[in-house]
file my_file_2.csv (CSV, C-alpha atoms and all ligand atoms)
chain,number,residue,atom,x,y,z
A,7,MET,CA,0.0,0.0,0.0
A,8,ASN,CA,1.2,3.6,-0.8
A,9,ILE,CA,0.6,5.9,2.2
A,10,VAL,CA,1.1,9.7,1.9
A,11,VAL,CA,2.0,11.3,5.3
A,12,THR,CA,1.7,15.0,5.0
A,13,GLY,CA,3.6,17.1,7.5
A,14,GLY,CA,5.9,14.1,8.1
A,15,ALA,CA,9.0,16.3,8.7
A,16,GLY,CA,7.3,17.7,11.8
A,17,PHE,CA,6.9,16.3,15.3
A,18,ILE,CA,4.0,13.8,15.2
A,19,GLY,CA,4.2,13.2,11.4
A,20,SER,CA,7.9,12.1,11.7
A,21,ASN,CA,7.1,9.8,14.6
A,22,PHE,CA,4.3,8.4,12.5
A,23,VAL,CA,6.7,7.8,9.5
A,24,TYR,CA,9.0,5.9,11.8
A,25,TYR,CA,6.0,4.0,13.2
A,26,LEU,CA,4.9,2.9,9.8
A,27,LEU,CA,8.4,1.9,8.6
A,28,LYS,CA,8.7,-0.3,11.7
A,29,HIS,CA,5.2,-1.8,11.9
A,30,ARG,CA,4.1,-1.8,8.2
A,31,PRO,CA,7.2,-2.9,6.4
A,32,ALA,CA,5.2,-3.9,3.3
A,33,ASP,CA,3.9,-0.4,2.8
A,34,ARG,CA,5.5,2.5,0.9
A,35,VAL,CA,5.6,5.7,2.9
A,36,ILE,CA,5.7,9.0,1.0
A,37,CYS,CA,6.3,12.1,3.2
A,38,TYR,CA,4.9,15.3,1.6
A,39,ASP,CA,6.0,18.4,3.5
A,40,ALA,CA,6.6,22.0,2.7
A,41,LEU,CA,9.5,22.3,5.2
A,42,THR,CA,8.2,25.4,7.0
A,43,TYR,CA,10.1,26.5,10.1
A,44,ALA,CA,8.6,23.4,11.9
A,45,GLY,CA,9.7,20.9,9.3
A,46,ASN,CA,13.2,19.4,9.6
A,47,LEU,CA,14.9,17.0,7.1
A,48,HIS,CA,17.5,16.0,9.8
A,49,THR,CA,14.6,14.4,11.6
A,50,LEU,CA,14.0,12.1,8.6
A,51,GLU,CA,17.7,11.2,8.0
A,52,ALA,CA,17.2,7.6,9.1
A,53,ALA,CA,14.0,7.2,7.2
A,54,ARG,CA,15.6,8.4,4.0
A,55,LYS,CA,18.0,5.4,4.1
A,56,ASN,CA,14.9,3.1,3.9
A,57,GLU,CA,14.0,2.1,0.4
A,58,ASN,CA,10.3,2.1,1.3
A,59,PHE,CA,10.5,5.8,2.1
A,60,THR,CA,10.2,8.8,-0.3
A,61,PHE,CA,10.4,12.5,0.6
A,62,VAL,CA,8.6,15.0,-1.6
A,63,ARG,CA,8.8,18.7,-0.8
A,64,GLY,CA,5.5,20.6,-1.4
A,65,ASP,CA,2.7,22.6,0.0
A,66,ILE,CA,-0.7,21.0,0.7
A,67,ALA,CA,-2.4,24.2,-0.4
A,68,ASP,CA,-0.6,24.1,-3.8
A,69,ARG,CA,-3.1,22.3,-6.2
A,70,GLU,CA,-0.6,21.7,-9.0
A,71,ALA,CA,2.0,20.2,-6.7
A,72,VAL,CA,-0.6,18.0,-4.9
A,73,ALA,CA,-1.9,16.8,-8.3
A,74,SER,CA,1.6,15.9,-9.4
A,75,LEU,CA,2.2,14.1,-6.1
A,76,PHE,CA,-0.9,12.0,-6.6
A,77,ARG,CA,0.0,11.2,-10.3
A,78,GLN,CA,3.5,10.2,-9.3
A,79,GLU,CA,3.0,8.3,-6.1
A,80,LYS,CA,-0.6,6.9,-6.5
A,81,PRO,CA,-1.5,7.0,-2.8
A,82,GLU,CA,-4.2,4.7,-1.5
A,83,VAL,CA,-4.2,6.3,1.9
A,84,VAL,CA,-3.5,9.9,2.9
A,85,VAL,CA,-2.9,10.9,6.5
A,86,ASN,CA,-2.9,14.7,6.9
A,87,PHE,CA,-0.6,15.9,9.7
A,88,ALA,CA,0.5,19.1,7.8
A,89,ALA,CA,-0.6,22.1,9.7
A,90,GLU,CA,0.5,25.3,11.3
A,91,SER,CA,0.3,24.0,14.9
A,92,HIS,CA,1.3,26.6,17.4
A,93,VAL,CA,-1.4,28.6,19.3
A,94,ASP,CA,0.9,31.5,20.1
A,95,ARG,CA,1.9,31.9,16.4
A,96,SER,CA,-1.7,31.8,15.4
A,97,ILE,CA,-2.4,34.8,17.8
A,98,GLU,CA,0.4,36.7,16.0
A,99,THR,CA,-0.4,35.7,12.4
A,100,PRO,CA,-3.8,33.9,11.8
A,101,ASP,CA,-3.6,34.1,7.9
A,102,ILE,CA,-1.2,31.2,7.3
A,103,PHE,CA,-3.3,29.1,9.7
A,104,LEU,CA,-6.4,29.5,7.5
A,105,LYS,CA,-4.4,28.9,4.3
A,106,THR,CA,-2.6,25.7,5.4
A,107,ASN,CA,-5.0,24.2,7.8
A,108,VAL,CA,-8.3,24.9,6.1
A,109,LEU,CA,-7.5,25.5,2.4
A,110,GLY,CA,-4.7,22.9,2.4
A,111,THR,CA,-7.1,20.3,3.7
A,112,GLN,CA,-9.6,21.2,1.0
A,113,VAL,CA,-6.9,20.9,-1.7
A,114,LEU,CA,-5.8,17.5,-0.4
A,115,MET,CA,-9.3,16.1,-0.3
A,116,ASP,CA,-10.1,17.5,-3.8
A,117,ALA,CA,-7.1,15.5,-5.0
A,118,CYS,CA,-8.4,12.4,-3.1
A,119,ARG,CA,-11.8,12.8,-4.9
A,120,GLN,CA,-10.2,13.3,-8.3
A,121,PHE,CA,-7.7,10.5,-8.2
A,122,GLY,CA,-9.6,8.1,-5.9
A,123,ILE,CA,-8.5,7.0,-2.5
A,124,ARG,CA,-9.2,4.2,0.0
A,125,ARG,CA,-8.9,6.4,3.1
A,126,TYR,CA,-8.3,10.1,3.9
A,127,HIS,CA,-7.4,10.6,7.6
A,128,GLN,CA,-7.6,14.0,9.1
A,129,VAL,CA,-5.4,14.5,12.2
A,130,SER,CA,-7.5,16.9,14.3
A,131,THR,CA,-7.1,18.0,17.9
A,132,ASP,CA,-9.0,18.1,21.2
A,133,GLU,CA,-8.6,21.9,21.0
A,134,VAL,CA,-11.6,22.0,18.6
A,135,TYR,CA,-13.8,21.4,21.7
A,136,GLY,CA,-12.5,24.6,23.4
A,137,ASP,CA,-11.8,24.3,27.1
A,138,LEU,CA,-13.3,22.9,30.3
A,139,PRO,CA,-13.5,24.7,33.7
A,140,LEU,CA,-10.8,23.9,36.2
A,141,ASP,CA,-13.4,23.2,39.0
A,142,ARG,CA,-15.3,20.5,37.1
A,143,PRO,CA,-13.0,17.5,37.0
A,144,ASP,CA,-16.0,15.3,36.2
A,145,LEU,CA,-16.3,16.8,32.7
A,146,PHE,CA,-14.5,15.4,29.6
A,147,PHE,CA,-14.6,15.9,25.8
A,148,THR,CA,-16.5,13.1,24.0
A,149,GLU,CA,-16.9,12.9,20.2
A,150,THR,CA,-20.3,14.6,20.6
A,151,THR,CA,-19.1,17.6,22.7
A,152,ASN,CA,-19.9,20.8,20.9
A,153,LEU,CA,-17.1,22.5,19.0
A,154,HIS,CA,-16.3,25.8,20.7
A,155,THR,CA,-12.9,27.1,19.7
A,156,SER,CA,-10.7,29.7,21.4
A,157,SER,CA,-7.7,30.5,19.2
A,158,PRO,CA,-7.2,31.1,15.5
A,159,TYR,CA,-5.3,27.8,15.5
A,160,SER,CA,-8.1,25.8,17.0
A,161,ALA,CA,-10.7,27.6,14.9
A,162,SER,CA,-8.7,26.7,11.7
A,163,LYS,CA,-8.4,23.0,12.9
A,164,ALA,CA,-12.2,22.9,13.6
A,165,GLY,CA,-12.8,24.3,10.1
A,166,ALA,CA,-10.7,21.6,8.5
A,167,ASP,CA,-12.3,18.9,10.7
A,168,LEU,CA,-15.8,19.9,9.7
A,169,LEU,CA,-14.8,20.2,6.1
A,170,THR,CA,-13.5,16.6,6.2
A,171,LEU,CA,-16.8,15.4,7.6
A,172,ALA,CA,-18.7,17.4,5.0
A,173,TYR,CA,-16.6,15.8,2.2
A,174,HIS,CA,-17.7,12.4,3.5
A,175,ARG,CA,-21.4,13.4,3.6
A,176,THR,CA,-21.5,15.3,0.4
A,177,TYR,CA,-19.2,13.4,-1.9
A,178,GLY,CA,-18.9,10.1,-0.1
A,179,LEU,CA,-15.1,10.5,0.5
A,180,PRO,CA,-13.9,7.7,2.8
A,181,VAL,CA,-12.6,9.8,5.7
A,182,THR,CA,-11.8,9.3,9.3
A,183,VAL,CA,-11.0,12.0,11.9
A,184,SER,CA,-9.1,11.8,15.1
A,185,ARG,CA,-9.0,14.4,17.9
A,186,CYS,CA,-6.0,13.8,20.1
A,187,SER,CA,-4.9,15.5,23.3
A,188,ASN,CA,-1.4,17.2,23.7
A,189,ASN,CA,1.5,15.0,22.6
A,190,TYR,CA,5.1,14.9,23.9
A,191,GLY,CA,8.2,12.9,22.9
A,192,PRO,CA,11.1,13.0,20.5
A,193,TYR,CA,11.4,15.6,17.7
A,194,HIS,CA,9.0,18.0,19.4
A,195,PHE,CA,9.7,21.5,18.2
A,196,PRO,CA,11.3,23.7,20.9
A,197,GLU,CA,8.5,26.3,20.8
A,198,LYS,CA,6.1,24.0,22.7
A,199,LEU,CA,5.8,23.7,26.5
A,200,ILE,CA,7.7,20.5,27.3
A,201,PRO,CA,10.7,20.8,24.9
A,202,LEU,CA,11.0,24.5,25.6
A,203,MET,CA,11.2,23.9,29.3
A,204,ILE,CA,13.7,21.0,28.9
A,205,ILE,CA,15.9,23.1,26.6
A,206,ASN,CA,15.8,26.2,28.8
A,207,ALA,CA,16.5,24.2,31.9
A,208,LEU,CA,19.5,22.6,30.2
A,209,GLN,CA,20.9,26.1,29.5
A,210,ASP,CA,20.0,27.4,32.9
A,211,LYS,CA,17.7,29.9,31.3
A,212,LYS,CA,14.4,31.1,32.8
A,213,LEU,CA,11.3,28.9,32.4
A,214,PRO,CA,8.5,31.1,31.2
A,215,VAL,CA,5.2,29.8,32.7
A,216,TYR,CA,2.1,31.6,31.4
A,217,GLY,CA,0.1,33.1,34.3
A,218,ALA,CA,-0.1,31.0,37.4
A,219,GLY,CA,0.6,27.8,35.5
A,220,GLU,CA,-2.7,26.3,36.7
A,221,ASN,CA,-4.0,25.5,33.1
A,222,VAL,CA,-4.3,21.7,32.6
A,223,ARG,CA,-3.3,19.7,29.6
A,224,ASP,CA,-3.9,16.0,29.0
A,225,TRP,CA,-0.5,14.6,27.9
A,226,LEU,CA,-0.1,11.5,25.6
A,227,TYR,CA,3.2,10.0,24.5
A,228,VAL,CA,3.5,10.5,20.8
A,229,GLU,CA,4.0,6.8,20.0
A,230,ASP,CA,0.6,6.1,21.5
A,231,HIS,CA,-1.0,8.6,19.2
A,232,CYS,CA,0.7,7.0,16.2
A,233,ALA,CA,-0.6,3.6,17.3
A,234,ALA,CA,-4.1,5.0,17.6
A,235,ILE,CA,-4.0,6.5,14.1
A,236,ASP,CA,-2.6,3.2,12.6
A,237,LEU,CA,-5.5,1.3,14.3
A,238,ILE,CA,-8.1,3.8,12.9
A,239,LEU,CA,-6.6,3.2,9.4
A,240,GLN,CA,-6.9,-0.6,9.9
A,241,LYS,CA,-10.1,-0.9,11.8
A,242,GLY,CA,-11.8,2.5,12.0
A,243,LYS,CA,-15.2,3.1,10.5
A,244,VAL,CA,-15.4,5.5,7.6
A,245,GLY,CA,-17.2,8.8,8.5
A,246,GLU,CA,-16.4,8.4,12.2
A,247,ILE,CA,-14.6,10.7,14.7
A,248,TYR,CA,-12.3,9.1,17.3
A,249,ASN,CA,-11.0,11.0,20.4
A,250,ILE,CA,-7.5,9.9,21.5
A,251,GLY,CA,-6.2,10.5,25.0
A,252,GLY,CA,-4.9,8.6,28.0
A,253,HIS,CA,-6.5,10.4,31.1
A,254,ASN,CA,-3.2,12.0,32.0
A,255,GLU,CA,-4.1,15.5,33.1
A,256,ARG,CA,-1.4,17.8,34.6
A,257,ARG,CA,-1.2,21.4,35.5
A,258,ASN,CA,1.5,23.2,33.5
A,259,ILE,CA,3.4,24.2,36.7
A,260,ASP,CA,3.6,20.6,37.8
A,261,VAL,CA,4.9,19.5,34.4
A,262,VAL,CA,7.6,22.2,34.7
A,263,LYS,CA,8.5,21.1,38.2
A,264,ILE,CA,8.9,17.5,37.1
A,265,ILE,CA,11.3,18.5,34.4
A,266,LEU,CA,13.4,20.6,36.8
A,267,LYS,CA,13.5,17.7,39.3
A,268,GLU,CA,14.5,15.2,36.6
A,269,LEU,CA,17.3,17.5,35.4
A,270,GLY,CA,18.4,18.4,39.0
A,271,LYS,CA,17.8,22.1,38.3
A,272,PRO,CA,16.3,24.6,40.9
A,273,GLU,CA,12.7,25.8,40.9
A,274,SER,CA,14.0,29.4,41.1
A,275,LEU,CA,14.4,29.1,37.3
A,276,ILE,CA,10.6,29.3,37.0
A,277,GLU,CA,9.4,32.8,35.9
A,278,HIS,CA,5.7,33.6,35.7
A,279,VAL,CA,5.0,35.7,32.6
A,280,THR,CA,2.0,37.4,31.1
A,281,ASP,CA,-0.7,34.9,30.3
A,282,ARG,CA,-1.6,33.8,26.7
A,283,LYS,CA,-4.6,35.7,25.2
A,284,GLY,CA,-7.7,33.5,25.4
A,285,HIS,CA,-5.8,30.8,27.2
A,286,ASP,CA,-7.7,27.5,27.3
A,287,ARG,CA,-8.1,26.4,30.9
A,288,ARG,CA,-8.3,22.6,30.8
A,289,TYR,CA,-8.4,19.9,28.1
A,290,ALA,CA,-9.5,16.4,29.0
A,291,ILE,CA,-10.3,13.6,26.6
A,292,ASP,CA,-12.8,10.8,27.1
A,293,PRO,CA,-11.2,7.9,25.1
A,294,THR,CA,-14.0,5.4,25.7
A,295,LYS,CA,-15.0,5.1,22.0
A,296,ILE,CA,-11.6,4.2,20.6
A,297,HIS,CA,-11.0,1.8,23.5
A,298,ARG,CA,-14.4,0.1,23.2
A,299,GLU,CA,-14.6,0.0,19.4
A,300,LEU,CA,-11.0,-0.5,18.4
A,301,GLY,CA,-9.4,-1.8,21.5
A,302,TRP,CA,-6.8,1.0,21.8
A,303,LEU,CA,-5.1,1.8,25.1
A,304,PRO,CA,-2.1,4.0,25.7
A,305,GLN,CA,1.1,2.0,26.6
A,306,THR,CA,3.4,4.7,28.0
A,307,LYS,CA,2.8,6.1,31.5
A,308,PHE,CA,3.7,9.8,31.9
A,309,ASP,CA,6.6,9.2,34.4
A,310,VAL,CA,8.2,6.8,31.9
A,311,GLY,CA,7.5,8.9,28.8
A,312,ILE,CA,8.8,12.2,30.3
A,313,LYS,CA,12.0,10.5,31.4
A,314,ALA,CA,12.4,9.0,27.9
A,315,THR,CA,11.7,12.4,26.4
A,316,ILE,CA,14.2,14.2,28.6
A,317,GLU,CA,16.8,11.6,27.8
A,318,TRP,CA,16.1,12.1,24.1
A,319,TYR,CA,16.8,15.8,24.4
A,320,LEU,CA,20.0,15.1,26.3
A,321,THR,CA,21.2,12.7,23.6
A,322,HIS,CA,20.1,14.8,20.6
A,323,ARG,CA,21.6,18.2,21.5
A,324,GLN,CA,22.7,18.8,17.9
A,325,TRP,CA,19.1,18.4,16.7
A,326,TRP,CA,17.8,21.2,18.9
A,327,GLU,CA,20.9,23.4,19.1
A,328,THR,CA,20.7,23.8,15.3
A,329,ILE,CA,17.1,24.9,15.6
A,330,ILE,CA,17.5,27.3,18.5
A,331,SER,CA,20.6,29.0,16.8
A,332,GLY,CA,18.6,29.8,13.7
A,333,GLU,CA,15.4,31.8,12.9
A,334,TYR,CA,13.9,30.5,16.2
A,335,ARG,CA,16.0,33.1,18.1
A,336,ASN,CA,13.9,35.9,16.5
A,337,TYR,CA,10.7,34.1,17.4
A,338,TYR,CA,11.9,33.6,21.0
A,339,ALA,CA,12.8,37.2,21.3
A,340,ARG,CA,9.5,38.4,19.9
A,341,MET,CA,7.5,36.1,22.2
A,342,TYR,CA,9.4,36.2,25.5
A,343,ASP,CA,11.6,39.3,25.7
A,344,GLU,CA,9.8,41.8,27.9
A,345,ARG,CA,6.8,39.5,28.3
B,1,LIG,P1,4.5,20.5,13.7
B,1,LIG,O1,4.4,22.0,13.7
B,1,LIG,O2,5.6,19.9,14.5
B,1,LIG,O3,4.7,19.9,12.2
B,1,LIG,C1,3.9,20.4,11.2
B,1,LIG,C2,4.6,19.9,9.9
B,1,LIG,O4,3.7,20.3,8.8
B,1,LIG,C3,6.0,20.5,9.6
B,1,LIG,O5,6.8,19.5,9.1
B,1,LIG,C4,5.7,21.5,8.5
B,1,LIG,O6,6.8,21.7,7.6
B,1,LIG,C5,4.5,20.9,7.8
B,1,LIG,N1,3.7,21.9,7.1
B,1,LIG,C6,3.2,23.1,7.6
B,1,LIG,N2,2.5,23.7,6.6
B,1,LIG,C7,2.6,22.9,5.5
B,1,LIG,C8,2.0,23.0,4.2
B,1,LIG,N3,1.3,24.1,3.9
B,1,LIG,N4,2.2,22.0,3.3
B,1,LIG,C9,2.9,20.9,3.7
B,1,LIG,N5,3.5,20.8,4.9
B,1,LIG,C10,3.3,21.7,5.8
B,1,LIG,O7,3.1,19.9,14.2
B,1,LIG,P2,2.8,18.6,15.1
B,1,LIG,O8,2.8,19.0,16.5
B,1,LIG,O9,3.6,17.5,14.6
B,1,LIG,O10,1.3,18.4,14.7
B,1,LIG,C11,0.9,17.6,13.6
B,1,LIG,C12,-0.6,17.6,13.4
B,1,LIG,O11,-1.2,17.0,14.6
B,1,LIG,C13,-1.2,18.9,13.3
B,1,LIG,O12,-2.3,18.8,12.3
B,1,LIG,C14,-1.8,19.3,14.6
B,1,LIG,O13,-2.9,20.1,14.5
B,1,LIG,C15,-2.2,17.9,15.1
B,1,LIG,N6,-2.2,17.7,16.6
B,1,LIG,C16,-1.0,18.1,17.3
B,1,LIG,C17,-1.0,17.8,18.7
B,1,LIG,C18,0.2,18.1,19.5
B,1,LIG,O14,0.2,18.0,20.7
B,1,LIG,N7,1.3,18.6,18.9
B,1,LIG,C19,-2.1,17.3,19.3
B,1,LIG,C20,-3.3,16.9,18.6
B,1,LIG,C21,-3.2,17.1,17.2
B,2,LIG,P1,1.7,24.4,24.1
B,2,LIG,O1,2.8,23.4,24.2
B,2,LIG,O2,1.8,25.6,23.3
B,2,LIG,O3,0.4,23.6,23.6
B,2,LIG,P2,-1.2,24.0,23.6
B,2,LIG,O4,-1.3,25.5,23.9
B,2,LIG,O5,-1.6,23.7,22.2
B,2,LIG,O6,-1.9,23.1,24.6
B,2,LIG,O7,1.3,24.8,25.6
B,2,LIG,C1,0.9,23.9,26.6
B,2,LIG,C2,0.5,24.7,27.8
B,2,LIG,O8,1.7,25.3,28.3
B,2,LIG,C3,-0.5,25.8,27.5
B,2,LIG,O9,-1.3,25.9,28.7
B,2,LIG,C4,0.4,27.1,27.5
B,2,LIG,C5,1.6,26.8,28.4
B,2,LIG,N1,2.9,27.4,28.1
B,2,LIG,C6,3.6,28.1,29.0
B,2,LIG,O10,3.1,28.2,30.2
B,2,LIG,N2,4.8,28.6,28.7
B,2,LIG,C7,5.3,28.5,27.4
B,2,LIG,O11,6.4,29.1,27.1
B,2,LIG,C8,4.6,27.7,26.5
B,2,LIG,C9,5.1,27.5,25.1
B,2,LIG,C10,3.4,27.2,26.8

call {"tool": "encode", "arguments": {"input": "my_file_2.csv", "output": "structure tokens"}}
result
Amino acid sequence: MNIVVTGGAGFIGSNFVYYLLKHRPADRVICYDALTYAGNLHTLEAARKNENFTFVRGDIADREAVASLFRQEKPEVVVNFAAESHVDRSIETPDIFLKTNVLGTQVLMDACRQFGIRRYHQVSTDEVYGDLPLDRPDLFFTETTNLHTSSPYSASKAGADLLTLAYHRTYGLPVTVSRCSNNYGPYHFPEKLIPLMIINALQDKKLPVYGAGENVRDWLYVEDHCAAIDLILQKGKVGEIYNIGGHNERRNIDVVKIILKELGKPESLIEHVTDRKGHDRRYAIDPTKIHRELGWLPQTKFDVGIKATIEWYLTHRQWWETIISGEYRNYYARMYDER
């Protein structure tokens, strides 16, 4: 089978590429990625040595390029990870989020209709549900929870998610949608909470916690997300939405303290900074459906996953040092200097 993985040079997409090469050795994996600031060919160095792997550089919103990808590679399955993915950047510049996340999804699905496909899978996010109050630990997002977005990022992801379901209903496109909670693990871009805190702590730099740090995220080890998507491709029902999460809720401040403890660094490095605009309070997934219907359960507990992640950043210094010494420096200055 030929599987196109868009956004495969980013965090979760690259982990999914490696997951497929390991667990589906009979399949051909084609990574289609525009290599934006978040895409990184170094991440795919090992994959590129595998003869079942092909890399094609291109934008999902570029109709011509996408058509030529389909003509050339004849995919039977497309898994769409390609997106602008960072909430803080979406607050700065929403335009590119609409272009890539919404229009890019449309262009990809139009090609799927034109060339024919066995499955189009849209990688969505729990952020489409908005947030939950901090004082109601009994509430969780299910697949039928209303969409209620907060940031330009989540609004663009919700737009793409709804468009995917519309293409199923209107044109009969064989789609599935997954809405996963926050991921962590190897190849996570340094702008996001967990890698940012690990990397800053390693450099004895301040750890910028937004507001009081009481916002809650539901963390899932990236390999568990990859396994869930693979299972949806194998056994999921067309037209269905699957929530993915492992009931692992943590306050940001507690995650930061765990990282400091693991690295033997003092809590005095923590600096509370101005809160994010429209900051979602709590995300919490109810994964009952994917567990009951497909038998999925997460395999990696947070205390194991976070140690493995910290170890990965310790042993892959060159990977992140290259990133933080480039354009990322300007982003960091814009976002955090005088915050
Ligand atoms: P990422 O920012 O690390 O990677 C995104 C990748 O997409 C990069 O390789 C980038 O070059 C590529 N890309 C961006 N615009 C493109 C375009 N126009 N055409 C082709 N490629 C393009 O993101 P991530 O954290 O790996 O997230 C992947 C997907 O998973 C996204 O759709 C995101 O919304 C979703 N998701 C992420 C999380 C999370 O915790 N990170 C949780 C749930 C869902
Ligand atoms: P992030 O990794 O950006 O993911 P998301 O906003 O999509 O959940 O942020 C996770 C949480 O960490 C979120 O509540 C914002 C917070 N945060 C900080 O406190 N400081 C930071 O420097 C960053 C990047 C995030």

call {"tool": "residues_around", "arguments": {"input": "my_file_2.csv", "residues": "range 119-136 of chain A", "least_positions_apart": "6", "cutoff": "6 Å", "atoms": "all atoms listed in the file", "output": "PyMOL selection string"}}
result
chain A and resi 82-87+153-156+160+164+180-187

call {"tool": "atom_distance", "arguments": {"input": "my_file_2.csv", "atom1": "CA of Asp94 in chain A", "atom2": "CA of Thr321 in chain A"}}
result
27.9 Å

call {"tool": "residues_near_ligand", "arguments": {"input": "my_file_2.csv", "ligand": "ligand LIG 1 (chain B)", "cutoff": "7 Å", "atoms": "all atoms listed in the file", "output": "tab-separated table (two decimals) with C-alpha atoms, in the frame of the given file"}}
result
chain	number	residue	atom	x	y	z
A	12	THR	CA	1.70	15.00	5.00
A	13	GLY	CA	3.60	17.10	7.50
A	14	GLY	CA	5.90	14.10	8.10
A	15	ALA	CA	9.00	16.30	8.70
A	16	GLY	CA	7.30	17.70	11.80
A	17	PHE	CA	6.90	16.30	15.30
A	18	ILE	CA	4.00	13.80	15.20
A	19	GLY	CA	4.20	13.20	11.40
A	38	TYR	CA	4.90	15.30	1.60
A	39	ASP	CA	6.00	18.40	3.50
A	40	ALA	CA	6.60	22.00	2.70
A	41	LEU	CA	9.50	22.30	5.20
A	42	THR	CA	8.20	25.40	7.00
A	43	TYR	CA	10.10	26.50	10.10
A	44	ALA	CA	8.60	23.40	11.90
A	45	GLY	CA	9.70	20.90	9.30
A	46	ASN	CA	13.20	19.40	9.60
A	64	GLY	CA	5.50	20.60	-1.40
A	65	ASP	CA	2.70	22.60	0.00
A	66	ILE	CA	-0.70	21.00	0.70
A	67	ALA	CA	-2.40	24.20	-0.40
A	86	ASN	CA	-2.90	14.70	6.90
A	87	PHE	CA	-0.60	15.90	9.70
A	88	ALA	CA	0.50	19.10	7.80
A	89	ALA	CA	-0.60	22.10	9.70
A	90	GLU	CA	0.50	25.30	11.30
A	91	SER	CA	0.30	24.00	14.90
A	92	HIS	CA	1.30	26.60	17.40
A	106	THR	CA	-2.60	25.70	5.40
A	110	GLY	CA	-4.70	22.90	2.40
A	129	VAL	CA	-5.40	14.50	12.20
A	130	SER	CA	-7.50	16.90	14.30
A	131	THR	CA	-7.10	18.00	17.90
A	132	ASP	CA	-9.00	18.10	21.20
A	163	LYS	CA	-8.40	23.00	12.90
A	185	ARG	CA	-9.00	14.40	17.90
A	186	CYS	CA	-6.00	13.80	20.10
A	187	SER	CA	-4.90	15.50	23.30
A	188	ASN	CA	-1.40	17.20	23.70
A	189	ASN	CA	1.50	15.00	22.60
A	190	TYR	CA	5.10	14.90	23.90
A	194	HIS	CA	9.00	18.00	19.40
A	195	PHE	CA	9.70	21.50	18.20

call {"tool": "atom_distance", "arguments": {"input": "my_file_2.csv", "atom1": "CA of Ile250 in chain A", "atom2": "CA of Pro192 in chain A"}}
result
18.9 Å

call {"tool": "residues_around", "arguments": {"input": "my_file_2.csv", "residues": "Phe61 in chain A", "least_positions_apart": "2", "cutoff": "9 Å", "atoms": "all atoms listed in the file", "output": "list in words"}}
result
Gly14, Val35, Ile36, Cys37, Tyr38, Asp39, Leu50, Arg54, Phe59 and Arg63 of chain A

call {"tool": "residues_near_ligand", "arguments": {"input": "my_file_2.csv", "ligand": "ligand LIG 2 (chain B)", "cutoff": "7 Å", "atoms": "only C-alpha atoms and all ligand atoms", "output": "list in words"}}
result
His92, Val93, Asp94, Asn188, Glu197, Lys198, Leu199, Ile200, Leu202, Pro214, Val215, Tyr216, Gly219, Asn221, Val222, Arg223, Asn258, His285 and Asp286 of chain A

call {"tool": "residues_around", "arguments": {"input": "my_file_2.csv", "residues": "Lys211 in chain A", "least_positions_apart": "5", "cutoff": "10 Å", "atoms": "only C-alpha atoms", "output": "VMD selection string"}}
result
chain A and resid 203 205 to 206 275 to 277

call {"tool": "write_last_selection", "arguments": {"input": "my_file_2.csv", "atoms": "C-alpha atoms", "output": "PDB file, in the frame of the given file"}}
result
ATOM      1  CA  MET A 203      11.200  23.900  29.300  1.00  0.00           C
ATOM      2  CA  ILE A 205      15.900  23.100  26.600  1.00  0.00           C
ATOM      3  CA  ASN A 206      15.800  26.200  28.800  1.00  0.00           C
ATOM      4  CA  LEU A 275      14.400  29.100  37.300  1.00  0.00           C
ATOM      5  CA  ILE A 276      10.600  29.300  37.000  1.00  0.00           C
ATOM      6  CA  GLU A 277       9.400  32.800  35.900  1.00  0.00           C
TER       7      GLU A 277
END

call {"tool": "residues_around", "arguments": {"input": "my_file_2.csv", "residues": "Asp230 in chain A", "least_positions_apart": "4", "cutoff": "12 Å", "atoms": "only C-alpha atoms", "output": "PyMOL selection string"}}
result
chain A and resi 18+21-22+25+186-191+225-226+234-237+250-252+302-308+311

call {"tool": "closest_residue", "arguments": {"input": "my_file_2.csv", "among": "A:Glu57, A:Glu51, A:Glu273, A:Asp224", "to": "Asp210 in chain A", "atoms": "only C-alpha atoms"}}
result
A:Glu273

call {"tool": "closest_residue", "arguments": {"input": "my_file_2.csv", "among": "A:Gly178, A:Pro81, A:Gly217, A:Gly242", "to": "Val11 in chain A", "atoms": "all atoms listed in the file"}}
result
A:Pro81

call {"tool": "closest_residue", "arguments": {"input": "my_file_2.csv", "among": "A:Ile330, A:Ile238, A:Val261, A:Ala161", "to": "Ile97 in chain A", "atoms": "all atoms listed in the file"}}
result
A:Ala161

call {"tool": "closest_residue", "arguments": {"input": "my_file_2.csv", "among": "A:Lys55, A:His253, A:Arg77, A:Lys267", "to": "Leu208 in chain A", "atoms": "all atoms listed in the file"}}
result
A:Lys267
